[in-house]
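What follows is one structure encoded as structure tokens, with my remarks underneath.
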Amino acid sequence: MKYIYSIILFAIYSNLAFAQVPYFGKAPGADKLYGYTSVKFRPGVNNIETYNTFQYGITDYTALGIDYYTGSNSAYMGIMLRGGIQFNQWLSIGGTATPSFNLKDNFEYSYFTGGLFMNGNITDNGNLFWGSNTWLGLNKNADDTINQFSYLGYVISLKNGDAFTPMIGLEHSWKFDSDCDVAAGVYITHKMWNFYVWGNDFCKSHPRVVLGVDFKI
């Protein structure tokens with residue numbers, strides 16, 4: 001029974017990557033603190049998820065951090081190593097490695113998440129850009145997963161350095177064992193803050209909605 005329960009919990013967590021706001025390649029930077037918090041829900045479904053991460057730059061190219069996820073009956077904490085570099089305006093590459101532990105089962109190791117992030121400008125002015133996130137999930141009690149998220153975004157400049165950025169993307173499994181999905185959303189940039197409204201599963205009876213905010217100081 002415990003084995004089955006673990007599979008169910010992992011299936012819930014493995015959906016974290018879906019409708020997650022895009023990650024970008026560059027690391028936060030030396031002595032910079034990056035934080036992100038979000039609430040995920042499906043209107044009409046009684047299940048609210050939360051996800052939080054805090055990452056501190058130990059060099060210009062690496063950061064250490066933690067993340068924390070909760071679902072209706074689950075809670076996990078991960079220890080994160082992040083790296084990334086911006087080569088030029090056309091290409092940034094980065095990634096994360098995160099072992100995670102079950103806070104409801106004596107901090108038992110549950111799964112490993114690896115991410116590869118790439119992004120860059122398409123136009124000289126940087127308004128039109130692309131992003132790619134590849135997520136690998138390795139779990140001791142469930143099948144491994146590898147998912148791809150590819151995005152296009154466009155920055156609309158506002159007053160005082162603020163910006164409004166809509167994005168649209170295609171998500172699929174590299175195992176090609178499930179339907180492709182469209183994700184879309186916007187984020188508003190104000191000083192050191194970004195405010196996100198994101199979603200996917202728009203053609204299903206209960207689309208998923210993500211509300212999030214991040215910062216870097």
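Here's how to read the names in the structure tokens: chain A, B, ... by the order shown, residue numbers from 1 in each chain, ligand numbers from 1 in the order shown.
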* Shell around Phe202 of chain A at 10 Å using only C-alpha atoms, local window under 4 positions removed, as a PyMOL selection string -> chain A and resi 181-184+206-209
* To do: Could you pull out the residues in segment 12-210 of chain A that DSSP calls strand (DSSP E) from the backbone, as a ChimeraX atom specification?
  => /A:33-41,48-57,62-70,75-88,91-102,108-121,128-139,145-154,156-157,163-173,181-190,193-200,208-210
Closest-contact table, segment 66-126 of chain A side, partner segment 22-37 of chain A, 7 Å, counting only C-alpha atoms, as CSV:
residue,atom,partner,partner_atom,distance
A:Arg82,CA,A:Ala27,CA,6.9
A:Gly83,CA,A:Ala27,CA,5.6
A:Gly84,CA,A:Lys26,CA,4.5
A:Ile85,CA,A:Lys26,CA,4.7
A:Gln86,CA,A:Lys26,CA,5.5
A:Ser92,CA,A:Gly25,CA,4.9
A:Ile93,CA,A:Gly25,CA,4.3
A:Gly94,CA,A:Gly25,CA,4.1
A:Gly95,CA,A:Gly25,CA,6.9
A:Phe117,CA,A:Gly25,CA,4.9
A:Met118,CA,A:Gly25,CA,5.0
A:Asn119,CA,A:Phe24,CA,6.1
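We find atom CA of Pro99 of chain A and atom CA of Met80 of chain A to be spaced 7.1 Å apart.
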* From A:Asn133, A:Asn46, A:Thr145, A:Thr96, residue lying nearest Ala63 of chain A [only C-alpha atoms] ->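 Ranking A:Asn133, A:Asn46, A:Thr145, A:Thr96 by distance to Ala63 of chain A, first place goes to A:Thr96.
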* List the neighbours of Tyr109 of chain A out to 12 Å using only C-alpha atoms; skip same-chain residues closer than 3 positions along the sequence, and give me the result as a PyMOL selection string. => chain A and resi 6+10+76-79+98-106+112-113+138-141
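Closest approach to Val197 of chain A among A:Gly131, A:Gln89, A:Lys216, A:Thr165: A:Thr165, based on only C-alpha atoms.
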* Asked: Out of A:Ser132, A:Ser178, A:Thr189, A:Thr59, which residue has the shortest atom-to-atom distance to Leu158 of chain A when counting only C-alpha atoms?
  ->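 Nearest candidate to Leu158 of chain A out of A:Ser132, A:Ser178, A:Thr189, A:Thr59: A:Thr189.
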* Asked: Looking at only C-alpha atoms, which of A:Asn125, A:Thr134, A:Thr70, A:Asn194 is the one that sits closest to Phe215 of chain A?
  ->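 Result for the nearest residue to Phe215 of chain A: A:Asn194.
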* Work out how far apart atom CA of Trp90 of chain A and atom CA of Phe149 of chain A are and give it in Å to one decimal. =>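 Between atom CA of Trp90 of chain A and atom CA of Phe149 of chain A the gap is 18.4 Å.
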* Asked: Using only C-alpha atoms, which of A:Asp124, A:Tyr154, A:Ile48, A:Phe129 sits nearest Tyr187 of chain A?
  ->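 That would be A:Tyr154, the residue with the smallest distance to Tyr187 of chain A.
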* **Between atom CA of Asn52 of chain A and atom CA of Ile66 of chain A, distance in Å (one decimal)** => 8.4 Å
